Structures are given as C-alpha cells and as structure tokens.
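To be precise, the following lines are work.cif, and they hold mmCIF, C-alpha atoms.
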data_model
loop_
_atom_site.label_atom_id
_atom_site.label_comp_id
_atom_site.auth_asym_id
_atom_site.auth_seq_id
_atom_site.Cartn_x
_atom_site.Cartn_y
_atom_site.Cartn_z
CA MET A 253 79.52 -42.21 -73.86
CA LYS A 254 80.65 -40.45 -70.68
CA ILE A 255 77.97 -40.44 -67.99
CA SER A 256 78.22 -38.59 -64.66
CA PHE A 257 75.96 -39.38 -61.74
CA ILE A 258 75.98 -39.92 -58.01
CA LEU A 259 76.32 -43.56 -57.02
CA ASN A 260 75.78 -44.44 -53.37
CA GLY A 261 76.77 -40.91 -52.38
CA ASN A 262 79.89 -40.68 -54.54
CA ASP A 263 80.36 -38.63 -57.70
CA THR A 264 80.86 -41.20 -60.43
CA CYS A 265 81.85 -40.90 -64.07
CA ILE A 266 81.75 -43.88 -66.39
CA ASP A 267 82.35 -44.41 -70.09
CA VAL A 268 79.93 -47.03 -71.38
CA ALA A 269 77.57 -47.69 -74.29
CA PRO A 270 74.53 -45.45 -73.82
CA ASP A 271 72.12 -48.31 -74.45
CA LYS A 272 73.72 -50.73 -71.97
CA ARG A 273 71.21 -51.78 -69.34
CA VAL A 274 71.79 -50.20 -65.94
CA ILE A 275 71.86 -53.62 -64.26
CA ASP A 276 74.73 -54.64 -66.56
CA VAL A 277 76.57 -51.37 -65.94
CA LEU A 278 76.28 -51.93 -62.20
CA ARG A 279 77.31 -55.57 -62.21
CA GLU A 280 79.86 -55.67 -65.04
CA ASP A 281 81.38 -52.20 -65.27
CA LEU A 282 81.17 -51.17 -61.63
CA GLY A 283 81.49 -54.56 -59.92
CA LEU A 284 78.41 -53.96 -57.80
CA THR A 285 76.90 -57.43 -57.86
CA GLY A 286 74.46 -56.84 -55.03
CA THR A 287 71.82 -55.82 -57.58
CA LYS A 288 70.36 -59.05 -58.94
CA GLU A 289 68.77 -60.00 -62.21
CA ALA A 290 66.10 -62.66 -62.23
CA CYS A 291 63.38 -62.10 -64.82
CA GLY A 292 64.96 -59.31 -66.87
CA SER A 293 61.49 -58.08 -67.80
CA GLY A 294 60.27 -55.97 -64.89
CA GLU A 295 58.20 -58.62 -63.17
CA CYS A 296 60.28 -59.65 -60.17
CA GLY A 297 61.89 -56.57 -58.60
CA ALA A 298 65.24 -58.29 -57.92
CA CYS A 299 67.05 -55.51 -59.81
CA THR A 300 65.37 -52.67 -57.87
CA VAL A 301 67.50 -49.55 -57.32
CA LEU A 302 66.66 -46.09 -56.01
CA SER A 303 66.89 -43.28 -58.54
CA ASP A 304 66.40 -39.85 -56.96
CA GLY A 305 64.81 -41.73 -54.05
CA GLU A 306 62.23 -43.66 -56.09
CA THR A 307 62.34 -47.40 -56.71
CA ARG A 308 63.10 -48.30 -60.29
CA LEU A 309 63.96 -51.44 -62.19
CA SER A 310 67.55 -51.39 -63.38
CA CYS A 311 66.83 -54.08 -66.00
CA LEU A 312 64.47 -51.66 -67.78
CA MET A 313 66.77 -48.62 -67.80
CA VAL A 314 69.75 -47.81 -69.97
CA ALA A 315 73.00 -46.12 -68.99
CA ALA A 316 72.23 -42.78 -70.66
CA GLN A 317 69.29 -42.34 -68.29
CA LEU A 318 71.69 -42.20 -65.33
CA GLN A 319 73.17 -38.83 -66.34
CA GLY A 320 72.79 -36.43 -63.40
CA LYS A 321 70.80 -38.89 -61.29
CA ASN A 322 71.30 -39.89 -57.66
CA LEU A 323 71.44 -43.66 -57.71
CA VAL A 324 71.44 -45.90 -54.63
CA THR A 325 72.06 -49.65 -54.79
CA ILE A 326 72.13 -52.17 -51.95
CA GLU A 327 75.86 -51.46 -51.57
CA GLY A 328 74.92 -47.95 -50.46
CA ILE A 329 72.78 -49.23 -47.59
CA GLY A 330 74.60 -49.77 -44.29
CA SER A 331 78.19 -50.97 -44.19
CA GLU A 332 79.94 -54.23 -43.39
CA ASN A 333 80.40 -53.25 -39.77
CA ALA A 334 77.19 -51.30 -39.31
CA LEU A 335 74.17 -52.77 -41.01
CA HIS A 336 71.15 -50.64 -41.72
CA PRO A 337 68.24 -51.30 -39.29
CA ILE A 338 66.28 -52.83 -42.19
CA GLN A 339 69.11 -55.26 -42.89
CA GLU A 340 69.39 -56.14 -39.19
CA ALA A 341 65.67 -56.78 -38.98
CA PHE A 342 65.75 -59.03 -42.07
CA ILE A 343 68.45 -61.17 -40.42
CA GLU A 344 66.78 -61.29 -37.00
CA HIS A 345 63.40 -62.29 -38.42
CA GLY A 346 64.68 -64.94 -40.85
CA ALA A 347 63.46 -62.87 -43.78
CA VAL A 348 66.37 -64.08 -45.90
CA GLN A 349 66.58 -67.57 -47.31
CA CYS A 350 68.29 -67.81 -50.69
CA GLY A 351 68.83 -64.05 -50.55
CA PHE A 352 68.28 -63.33 -54.22
CA CYS A 353 65.29 -61.04 -53.66
CA THR A 354 66.73 -59.42 -50.54
CA PRO A 355 68.57 -56.42 -52.06
CA GLY A 356 65.44 -55.39 -53.94
CA MET A 357 63.27 -56.03 -50.89
CA VAL A 358 65.50 -53.84 -48.71
CA LEU A 359 65.42 -50.97 -51.21
CA SER A 360 61.63 -51.18 -51.62
CA THR A 361 61.36 -51.18 -47.83
CA LEU A 362 63.53 -48.09 -47.59
CA ALA A 363 61.33 -46.27 -50.14
CA LEU A 364 58.18 -47.40 -48.34
CA LEU A 365 59.31 -46.28 -44.88
CA LYS A 366 60.40 -42.91 -46.22
CA THR A 367 56.84 -42.09 -47.33
CA ASN A 368 55.05 -44.15 -44.69
CA PRO A 369 57.12 -44.55 -41.48
CA SER A 370 54.42 -46.61 -39.72
CA PRO A 371 52.90 -48.92 -42.31
CA SER A 372 50.25 -51.51 -41.42
CA ARG A 373 50.91 -55.11 -42.48
CA GLU A 374 48.65 -54.57 -45.46
CA GLU A 375 50.53 -51.42 -46.45
CA ILE A 376 53.82 -53.32 -46.13
CA ARG A 377 52.50 -56.05 -48.45
CA GLU A 378 51.49 -53.37 -50.94
CA GLY A 379 54.89 -51.65 -50.58
CA ILE A 380 56.81 -54.82 -51.47
CA SER A 381 54.26 -56.05 -54.01
CA GLY A 382 56.76 -55.42 -56.81
CA ASN A 383 59.33 -57.79 -55.29
CA LEU A 384 58.88 -61.51 -55.66
CA CYS A 385 60.25 -63.94 -53.07
CA ARG A 386 59.98 -67.63 -53.84
CA CYS A 387 61.38 -68.87 -50.50
CA THR A 388 59.88 -67.22 -47.47
CA GLY A 389 56.20 -66.92 -48.21
CA TYR A 390 56.57 -63.23 -47.29
CA GLN A 391 55.42 -63.55 -43.65
CA LYS A 392 58.92 -63.20 -42.24
CA ILE A 393 59.69 -60.34 -44.59
CA VAL A 394 56.59 -58.49 -43.43
CA ASP A 395 57.59 -59.24 -39.81
CA ALA A 396 61.05 -57.82 -40.48
CA ILE A 397 59.75 -54.66 -42.12
CA SER A 398 57.31 -54.13 -39.28
CA ALA A 399 60.15 -54.40 -36.77
CA ALA A 400 62.44 -52.18 -38.86
CA ALA A 401 59.76 -49.49 -39.01
CA VAL A 402 59.53 -49.37 -35.23
CA ARG A 403 63.30 -49.39 -34.87
CA MET A 404 63.58 -46.47 -37.28
CA GLY A 405 61.16 -44.39 -35.26
CA GLY A 406 57.75 -45.34 -36.61
CA GLN A 407 54.85 -46.44 -34.44
CA ASP A 408 54.01 -50.09 -33.84
CA LYS A 409 50.93 -51.17 -35.80
CA MET B 38 75.18 -49.93 -80.08
CA ARG B 39 72.24 -47.58 -80.24
CA ASN B 40 72.30 -43.87 -79.59
CA VAL B 41 70.07 -42.75 -76.72
CA PHE B 42 68.78 -39.20 -76.98
CA ILE B 43 67.27 -37.51 -73.94
CA PRO B 44 65.84 -34.15 -75.05
CA GLU B 45 64.65 -31.66 -72.44
CA THR B 46 62.29 -29.60 -74.61
CA GLN B 47 59.65 -30.42 -77.19
CA LYS B 48 61.60 -28.39 -79.76
CA ASP B 49 64.69 -30.57 -79.27
CA LEU B 50 62.48 -33.67 -79.40
CA PHE B 51 61.02 -32.75 -82.80
CA ASP B 52 64.47 -31.83 -84.13
CA ILE B 53 65.75 -35.28 -83.14
CA ILE B 54 62.71 -36.96 -84.71
CA ALA B 55 63.30 -35.02 -87.95
CA ASP B 56 66.95 -36.04 -87.92
CA LYS B 57 66.39 -39.67 -86.85
CA PRO B 58 62.97 -40.70 -88.14
CA GLU B 59 63.68 -44.38 -87.43
CA ALA B 60 64.34 -43.84 -83.73
CA PHE B 61 62.00 -45.37 -81.14
CA LEU B 62 60.48 -43.09 -78.53
CA PHE B 63 59.97 -44.30 -74.97
CA ALA B 64 58.71 -42.83 -71.72
CA GLY B 65 58.98 -45.32 -68.83
CA GLY B 66 60.56 -47.99 -71.01
CA THR B 67 58.69 -50.74 -69.15
CA ASP B 68 57.27 -52.09 -72.39
CA LEU B 69 59.91 -51.17 -74.99
CA PHE B 70 62.90 -52.61 -73.11
CA VAL B 71 61.13 -55.93 -72.59
CA LYS B 72 60.37 -56.15 -76.31
CA LEU B 73 63.88 -55.07 -77.32
CA ARG B 74 65.46 -57.72 -75.13
CA SER B 75 63.22 -60.49 -76.37
CA GLY B 76 63.86 -59.45 -79.97
CA LEU B 77 60.20 -58.61 -80.64
CA VAL B 78 61.26 -55.20 -81.90
CA ASP B 79 64.54 -53.81 -83.13
CA ALA B 80 65.20 -50.12 -82.72
CA ALA B 81 67.87 -48.13 -84.48
CA ASP B 82 68.19 -45.35 -81.92
CA LEU B 83 66.24 -44.53 -78.79
CA VAL B 84 64.68 -41.26 -77.64
CA SER B 85 63.68 -40.92 -73.99
CA LEU B 86 60.83 -38.56 -73.20
CA GLU B 87 61.38 -38.63 -69.44
CA ARG B 88 63.10 -35.25 -69.07
CA ILE B 89 60.70 -33.11 -71.10
CA ASN B 90 59.03 -31.27 -68.25
CA ASP B 91 56.14 -29.81 -70.22
CA LEU B 92 55.02 -33.35 -71.09
CA LYS B 93 54.42 -33.99 -67.38
CA GLY B 94 51.80 -32.92 -64.90
CA VAL B 95 48.08 -32.39 -64.46
CA GLU B 96 46.24 -29.19 -65.48
CA ASP B 97 42.75 -28.48 -64.17
CA ASN B 98 40.90 -26.50 -66.85
CA GLY B 99 37.45 -26.31 -65.30
CA ASP B 100 35.25 -28.88 -67.04
CA GLU B 101 38.28 -30.69 -68.36
CA VAL B 102 41.63 -31.92 -67.12
CA PHE B 103 44.76 -32.21 -69.21
CA ILE B 104 47.37 -34.81 -68.30
CA GLY B 105 50.83 -34.63 -69.84
CA ALA B 106 51.61 -37.91 -71.62
CA CYS B 107 54.79 -38.51 -69.60
CA THR B 108 53.13 -38.22 -66.21
CA THR B 109 53.93 -41.40 -64.30
CA HIS B 110 51.23 -43.54 -62.76
CA SER B 111 52.69 -42.78 -59.31
CA ALA B 112 52.44 -39.04 -59.98
CA LEU B 113 48.81 -39.42 -61.03
CA LEU B 114 48.01 -41.45 -57.91
CA ALA B 115 49.43 -38.62 -55.79
CA ASP B 116 47.60 -35.85 -57.65
CA SER B 117 44.67 -34.20 -55.83
CA VAL B 118 42.78 -33.26 -59.02
CA ILE B 119 42.92 -36.82 -60.33
CA LYS B 120 41.91 -38.25 -56.94
CA LYS B 121 38.96 -35.89 -56.67
CA HIS B 122 37.49 -36.16 -60.17
CA PHE B 123 38.53 -39.54 -61.54
CA PRO B 124 38.27 -42.24 -58.85
CA VAL B 125 37.75 -44.89 -61.53
CA LEU B 126 41.12 -44.02 -63.05
CA VAL B 127 42.80 -44.01 -59.64
CA LYS B 128 41.42 -47.48 -58.88
CA SER B 129 42.85 -48.83 -62.13
CA LEU B 130 46.28 -47.28 -61.56
CA MET B 131 46.47 -48.73 -58.04
CA VAL B 132 46.51 -52.24 -59.52
CA LEU B 133 48.71 -51.44 -62.52
CA GLY B 134 51.99 -53.37 -62.43
CA SER B 135 53.88 -52.81 -59.21
CA PRO B 136 55.21 -49.81 -57.26
CA GLN B 137 58.38 -49.82 -59.39
CA ILE B 138 56.43 -50.06 -62.66
CA ARG B 139 54.14 -47.24 -61.51
CA ASN B 140 57.21 -45.07 -60.77
CA MET B 141 58.44 -45.61 -64.33
CA GLY B 142 55.42 -46.18 -66.56
CA THR B 143 53.32 -43.29 -67.86
CA ILE B 144 49.74 -42.69 -68.92
CA GLY B 145 50.92 -41.95 -72.47
CA GLY B 146 52.85 -45.20 -72.56
CA ASN B 147 49.82 -47.18 -71.46
CA ILE B 148 47.85 -45.66 -74.35
CA ILE B 149 50.52 -45.99 -77.05
CA THR B 150 51.25 -49.60 -76.09
CA ALA B 151 47.55 -50.23 -76.86
CA SER B 152 47.54 -53.56 -75.10
CA PRO B 153 44.08 -55.14 -74.80
CA ALA B 154 45.08 -55.57 -71.14
CA GLY B 155 46.21 -51.94 -70.59
CA ASP B 156 44.91 -51.25 -67.09
CA ALA B 157 44.23 -47.52 -67.52
CA LEU B 158 42.41 -47.89 -70.84
CA PRO B 159 38.87 -48.91 -69.75
CA PRO B 160 38.59 -45.90 -67.40
CA LEU B 161 39.93 -43.58 -70.11
CA TYR B 162 37.18 -44.77 -72.48
CA LEU B 163 34.56 -43.96 -69.84
CA LEU B 164 36.02 -40.54 -69.11
CA GLY B 165 35.76 -39.39 -72.72
CA ALA B 166 39.52 -39.29 -73.12
CA GLU B 167 40.94 -37.52 -76.13
CA VAL B 168 44.61 -37.83 -76.95
CA GLU B 169 46.68 -34.86 -78.10
CA LEU B 170 49.02 -35.75 -80.96
CA LYS B 171 51.69 -33.32 -82.06
CA LYS B 172 54.03 -32.99 -84.98
CA LYS B 173 56.63 -30.28 -85.30
CA TYR B 174 54.19 -27.73 -86.71
CA SER B 175 50.74 -29.21 -86.11
CA SER B 176 48.60 -30.94 -83.53
CA ARG B 177 45.29 -32.81 -83.40
CA LEU B 178 42.92 -34.29 -80.85
CA VAL B 179 41.48 -37.76 -81.34
CA SER B 180 39.12 -39.72 -79.11
CA ILE B 181 40.84 -42.69 -77.53
CA LYS B 182 38.44 -45.17 -79.09
CA ASP B 183 39.34 -43.89 -82.55
CA PHE B 184 43.02 -43.72 -81.71
CA ILE B 185 43.44 -47.34 -80.58
CA LYS B 186 42.92 -49.57 -83.59
CA GLY B 187 43.82 -53.03 -82.32
CA PRO B 188 46.31 -54.90 -80.14
CA GLY B 189 49.45 -52.73 -80.26
CA GLU B 190 48.00 -50.68 -83.12
CA THR B 191 47.21 -46.98 -83.02
CA ASP B 192 46.46 -44.15 -85.39
CA LEU B 193 49.83 -42.51 -84.58
CA ALA B 194 51.28 -41.03 -87.77
CA PRO B 195 55.00 -41.04 -88.61
CA GLY B 196 56.73 -38.17 -86.83
CA GLU B 197 53.83 -37.72 -84.45
CA VAL B 198 54.12 -37.77 -80.65
CA LEU B 199 51.39 -38.41 -78.09
CA THR B 200 51.77 -35.35 -75.87
CA GLY B 201 48.79 -35.56 -73.54
CA VAL B 202 45.32 -36.76 -72.63
CA ARG B 203 42.25 -34.62 -72.13
CA LEU B 204 39.61 -35.96 -69.77
CA ARG B 205 36.12 -34.62 -69.15
CA LYS B 206 34.83 -34.27 -65.63
CA TYR B 207 31.52 -36.02 -65.12
CA PRO B 208 30.27 -34.79 -61.75
CA GLU B 209 26.98 -36.68 -62.30
CA TYR B 210 28.66 -40.05 -61.87
CA ASN B 211 28.38 -40.85 -58.16
CA LEU B 212 29.66 -44.41 -58.33
CA HIS B 213 33.09 -45.25 -59.72
CA HIS B 214 34.17 -48.86 -59.82
CA TYR B 215 37.13 -50.80 -61.20
CA GLU B 216 38.04 -54.42 -60.80
CA LYS B 217 40.84 -56.42 -62.33
CA VAL B 218 40.81 -60.19 -62.38
CA GLY B 219 44.32 -61.58 -62.61
CA GLN B 220 46.32 -64.58 -61.44
CA ARG B 221 47.67 -62.60 -58.50
CA ASN B 222 47.03 -59.14 -57.07
CA SER B 223 50.24 -57.41 -58.09
CA LEU B 224 52.34 -57.69 -61.24
CA ALA B 225 49.48 -59.35 -63.04
CA ILE B 226 48.40 -58.92 -66.63
CA SER B 227 44.63 -58.78 -66.44
CA ILE B 228 42.51 -61.77 -67.42
CA VAL B 229 39.55 -59.43 -67.54
CA SER B 230 39.27 -55.90 -66.20
CA PHE B 231 36.09 -53.91 -65.73
CA ALA B 232 35.51 -50.19 -65.26
CA ALA B 233 32.12 -48.68 -64.45
CA VAL B 234 30.76 -45.22 -63.74
CA LEU B 235 27.13 -44.77 -62.76
CA ASN B 236 24.72 -42.04 -61.85
CA ILE B 237 22.33 -43.49 -59.29
CA ASN B 238 19.61 -41.24 -57.92
CA ASP B 239 18.30 -41.09 -54.34
CA ALA B 240 15.55 -43.58 -55.12
CA GLY B 241 18.15 -46.16 -56.19
CA ILE B 242 17.29 -45.80 -59.89
CA ILE B 243 20.16 -45.89 -62.38
CA ALA B 244 19.99 -42.69 -64.41
CA ARG B 245 23.05 -43.55 -66.48
CA ALA B 246 25.61 -46.31 -66.48
CA ARG B 247 28.79 -46.68 -68.52
CA PHE B 248 30.86 -49.84 -68.68
CA ALA B 249 34.17 -50.81 -70.28
CA TRP B 250 36.12 -54.06 -70.26
CA GLY B 251 39.80 -54.77 -70.81
CA SER B 252 41.25 -58.11 -72.04
CA ALA B 253 37.80 -59.04 -73.36
CA GLY B 254 38.46 -58.20 -77.01
CA PRO B 255 41.14 -56.76 -79.32
CA THR B 256 40.60 -53.30 -77.82
CA VAL B 257 38.52 -52.00 -74.92
CA ILE B 258 34.96 -53.34 -75.16
CA THR B 259 31.94 -51.19 -74.35
CA CYS B 260 28.31 -52.33 -74.34
CA GLU B 261 25.63 -49.78 -75.11
CA ASP B 262 22.95 -52.47 -74.93
CA ALA B 263 23.68 -53.10 -71.28
CA GLU B 264 24.03 -49.38 -70.52
CA ASP B 265 20.75 -48.52 -72.24
CA PHE B 266 18.95 -51.41 -70.61
CA LEU B 267 19.92 -50.25 -67.14
CA ALA B 268 18.99 -46.59 -67.66
CA GLY B 269 15.84 -45.87 -65.66
CA ARG B 270 15.87 -49.23 -63.88
CA PRO B 271 16.47 -49.90 -60.21
CA LEU B 272 19.89 -51.07 -59.20
CA SER B 273 18.74 -54.58 -58.39
CA ARG B 274 20.11 -58.06 -58.80
CA GLU B 275 17.54 -58.75 -61.48
CA SER B 276 18.41 -55.77 -63.69
CA LEU B 277 22.15 -56.35 -63.27
CA GLU B 278 21.70 -60.03 -64.22
CA HIS B 279 20.18 -58.99 -67.53
CA ALA B 280 22.91 -56.39 -68.14
CA ALA B 281 25.47 -59.12 -67.45
CA TYR B 282 23.76 -61.35 -70.02
CA LEU B 283 23.98 -58.52 -72.59
CA ALA B 284 27.64 -57.91 -71.71
CA ARG B 285 28.52 -61.57 -72.28
CA LYS B 286 27.06 -61.22 -75.77
CA ALA B 287 29.11 -58.06 -76.44
CA VAL B 288 32.60 -59.20 -75.44
CA THR B 289 34.87 -60.92 -77.96
CA PRO B 290 37.60 -62.54 -75.86
CA ILE B 291 40.27 -65.00 -76.96
CA ASP B 292 41.88 -68.09 -75.46
CA ASP B 293 45.44 -67.42 -74.31
CA VAL B 294 47.96 -68.53 -71.69
CA ARG B 295 46.11 -66.70 -68.92
CA ALA B 296 42.54 -67.90 -69.46
CA SER B 297 40.07 -69.32 -71.93
CA ALA B 298 37.70 -67.18 -73.97
CA GLU B 299 34.72 -68.84 -72.31
CA TYR B 300 36.01 -68.05 -68.82
CA ARG B 301 36.59 -64.44 -69.81
CA ARG B 302 33.10 -64.18 -71.27
CA GLN B 303 31.51 -65.50 -68.08
CA VAL B 304 33.62 -63.26 -65.83
CA SER B 305 32.92 -60.17 -67.96
CA GLY B 306 29.26 -60.52 -67.06
CA ASN B 307 29.88 -61.51 -63.47
CA LEU B 308 31.84 -58.32 -62.86
CA ILE B 309 28.68 -56.27 -63.48
CA LEU B 310 26.96 -58.14 -60.65
CA ARG B 311 29.53 -56.78 -58.20
CA ILE B 312 27.93 -53.34 -58.52
CA GLU B 313 25.04 -54.49 -56.35
CA GLY B 314 27.37 -54.93 -53.39
CA LEU B 315 29.02 -51.53 -53.81
CA LEU B 316 25.97 -49.47 -52.91
CA ASN B 317 26.22 -50.14 -49.21
CA ARG B 318 29.84 -49.04 -49.16
CA SER B 319 30.67 -45.36 -49.39
CA GLU B 320 32.63 -45.28 -52.63
#
Kindly present the structure from the file in structure tokens form.
Amino acid sequence: MKISFILNGNDTCIDVAPDKRVIDVLREDLGLTGTKEACGSGECGACTVLSDGETRLSCLMVAAQLQGKNLVTIEGIGSENALHPIQEAFIEHGAVQCGFCTPGMVLSTLALLKTNPSPSREEIREGISGNLCRCTGYQKIVDAISAAAVRMGGQDK
Amino acid sequence: MRNVFIPETQKDLFDIIADKPEAFLFAGGTDLFVKLRSGLVDAADLVSLERINDLKGVEDNGDEVFIGACTTHSALLADSVIKKHFPVLVKSLMVLGSPQIRNMGTIGGNIITASPAGDALPPLYLLGAEVELKKKYSSRLVSIKDFIKGPGETDLAPGEVLTGVRLRKYPEYNLHHYEKVGQRNSLAISIVSFAAVLNINDAGIIARARFAWGSAGPTVITCEDAEDFLAGRPLSRESLEHAAYLARKAVTPIDDVRASAEYRRQVSGNLILRIEGLLNRSE
C-alpha cells in the first residue's frame, strides 16, 4: 500500500503493508532507528513519536494511519551540528544514561513545553509520566527539562 | 497481511462493515494492538474509526451531554463542558494510562473494552451514562450497566457500532471524588478504583450519595446499601465507617497478579473513608 505523509518536515511516500506497525516502518523501512521499542505494548513510551504535534506510541499504530499525517521522530529534532535546546540540556544535566528512553523523553518534553512553556517540577513529572526510565531515577531528567524550558523562553519555576 | 480501512464518514463505515463483517473496529488501538501482538485475538481486517469526524466531540444539550465515541481522553480533559459538569469523570481521565495513551485512547474504546479496571467506567455508571449503538439503518440507547456484561463482554450486536455516550447532568451533586489505587501513579492498571458523587447540604447532612468501584468485581460494582444508609446522615467518620463495612460486603474482587481479593475488599471500604477529608478542601 502506498502511503504519503510528512516525515520530519519532508514529503515522504512509502510502499509497505498497511498493517505494519509504525515503529517497524520507521526502523526497518526508513532506517530511522532513533525510535526505540522496549515493551511493545504501550507501557513504556520508548517508541513515542509526534503525530500532528501530539505524542503517540508508534508500537500501537499501523502504517495506514500515517496517510496525510505530519510525523516527527527524534531524527527530526535538532541536527548533528546543532542540537535542540532540550537535547543540550539532557546532556548537560546527565539526564542520559543508557539512552534508550531518551528519544521518547525528548519528544514528550517537546510536546509538554509547547502547551506549557513554564512547567513546575510536578507538571514536568506529569508530562513525562508516559515515559519510563530505569537508569536515572528521573531527577536529572526533570532538572534538564526545567533548564530547557528556561532556555527556550519559559520562566524559571 | 491485513487490510486497514480508514473511513471518513459513518456511511462509508457501515458499507465496509457490510462488506467485511469479520473486520475488527478500533479507535485508539491501545487495547486491540496489544492483544493482536500477543496473539490473544486474531483479526482478519482492521477498520480505524479515528477519522470519522462526527464520531468525535462534545455536545451540550441542556440537561444532557452527548460525547462522540471516538473523542480522545485528552480532548475530553480539555473540554469546558466536561470540566464544568463532570468533575468525577475528569478526575478519572487524569489518571488513565499516560499522556500518550490519553492522546490515542477514546471514551468509546474504554467502554467497549469493558475491562473491570476501565478507569472511566465507574464515573460513567454514576453519571447515568447511556451508550448509543448504531447499525446501518437503526440505532438504540442502552444504559451502561446493561451494556457491559462481564470482563471484555458487552451487549454489542454483530454489525453494531458504539457511536456515542449520553450523560445526564446532576447539578445537585456538590462533591465529586475519584481515587485509583495502583502500583504506581501513571501507567498503572487499577488495583481498586473508586468514584463518588454526593449531595451534601449546608448542615453537613448527606442528602444523596452514589458510589462505584472498578477492579472490585467482574464489572463496575455499585452498593445501594451503603448509599441508602448514608442518605440523611451526617458526613461523619462513624457513618462512613458503616458505609465502608457495607461496601466490603458488596464487592466481589478476585486474586490476581496485582493484588489479592482480600486486599481489594479492605481497600474498597477504606476508599469511602477518604470522603471525610475532602470536605475541608474546595472540590
């Protein structure tokens, strides 16, 4: 089935099985391995992508659902030479250990800061509550998001 | 390989259903895709409901509100009519799944899945929810308690689609409460959940109380004995203790991986006691 959508800002047309999971399309057909699969059942958030600006789980979507959508994966955030402020803050605050949850965390952060540019620590915890991290204990991630919010123009809270 | 149909109108939807009666319908997919992957269900073809616009949104019809079945939990949480009239529903949706799940999952999906742990179900029981079920040339309204038959079992007929939910406004209820007990705050399947709406008068007397529990039986549990006992009594520790005792007799929980039946029974009663502490807060 031919599917046309916008992927990280670029018009994209793929020919894949309509019932192939979006995470598999991204990783196998498009070579975008930044999106991770951990639980495969919607409980961990590692496979989070943005679809029309909203966070969604690419392990619980199939290719046909992409038709006409605007999809953003971690590869669409920042570039090798110019990281996004959220990515910079994650590095500076040690918010990355094994890194497996990081792409999903960054995308959830982006969605959070779009609707709430100056979140409190509690609001940050709620915003990333769909993303599990088994390394950091979350404190450093919350620190990083707090710093990123300020850097992106929000108020310090 | 399965076909995936994504109709944009109800007419197209019913044509597809007529043509492919074996196809599975899904809205958010947060339940179906987990079951497909684990082999719990096998679907021939799939039909997504997510692009049928007239299955989405909230309509304020005076004494009643109609919610399109494919309205996502996030959309409901952002809706001013829902926030104003149904705080108990809002409180349940705030702890449903995770932000991502709430962006995908829908109110209709929560009902059709008919999980004993469905977070939105206890509030829907208290709000007199009726579900609208449509076939190509007919429709009917059924109360939610008659529609949900057991774990994963509903009264949905072949070829029928859950198209919406009708809720009654109950302006007399001045206290709305919801609490979910789980192993963590987010992404938790409830061990026990509890929804309550009460009408408490200025003298602190309970005029009317309605309670519903999730994960405390095969479907949502209600307890008229406790509700009737409290009517006309002061909202005191003593009266709530007795209502809790009656509630523990009414629930029919099971042992499972999340908790024992006995624990659930005890907690089901304890959750009533929380109401005492709510009065001093402006909820």
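Minimum atom-to-atom distances from A:Asp395, A:Glu378, A:Asp304, A:Glu340 to chain B were compared using only C-alpha atoms, and the lowest value belongs to A:Glu378.
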Translate the PyMOL selection byres ((chain A) within 6 of (chain B)), as applied to the file shown, into an explicit residue set as a PyMOL selection string.
chain A and resi 270-271+293+307-308+312+381-382
In Å, with one decimal, what is the gap from CA of Ala115 in chain B to CA of Glu313 in chain B?
29.1 Å
List as number ranges by chain the residues having at least one atom at most 12 Å from position (39.2, -59.5, -61.4) as given in the file, counting only C-alpha atoms.
B: 129, 132, 156, 214-223, 225-232, 250-252, 300-301, 303-309, 311
Tell me which residues the PyMOL selection byres ((chain B and resi 99) around 12) grabs here, as an MDAnalysis selection string.
chainID B and resid 96:98 100:103 118 122 203:208
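Picture a line from CA of Met357 in chain A to CA of Leu384 in chain A; it runs 8.5 Å.
Here CA of Glu261 in chain B is placed at a distance of 24.5 Å from CA of Asp292 in chain B.
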What does the PyMOL selection byres ((chain B and resi 105-110) around 8) select in this file, as a PyMOL selection string?
chain B and resi 64-65+86-87+91-95+103-104+111-114+130+139-146+199-202
Have a look at B:Phe184, B:Leu164, B:Gly196, B:Leu272 and name the one nearest to Glu209 in chain B; count all atoms listed in the file.
B:Leu164
Selection: 12 Å around Glu289 in chain A, all atoms listed in the file, excl. self and same-chain fewer than 5 positions, as a PyMOL selection string:
chain A and resi 273-276+278-279+294-301+309-312+352-356+383-384
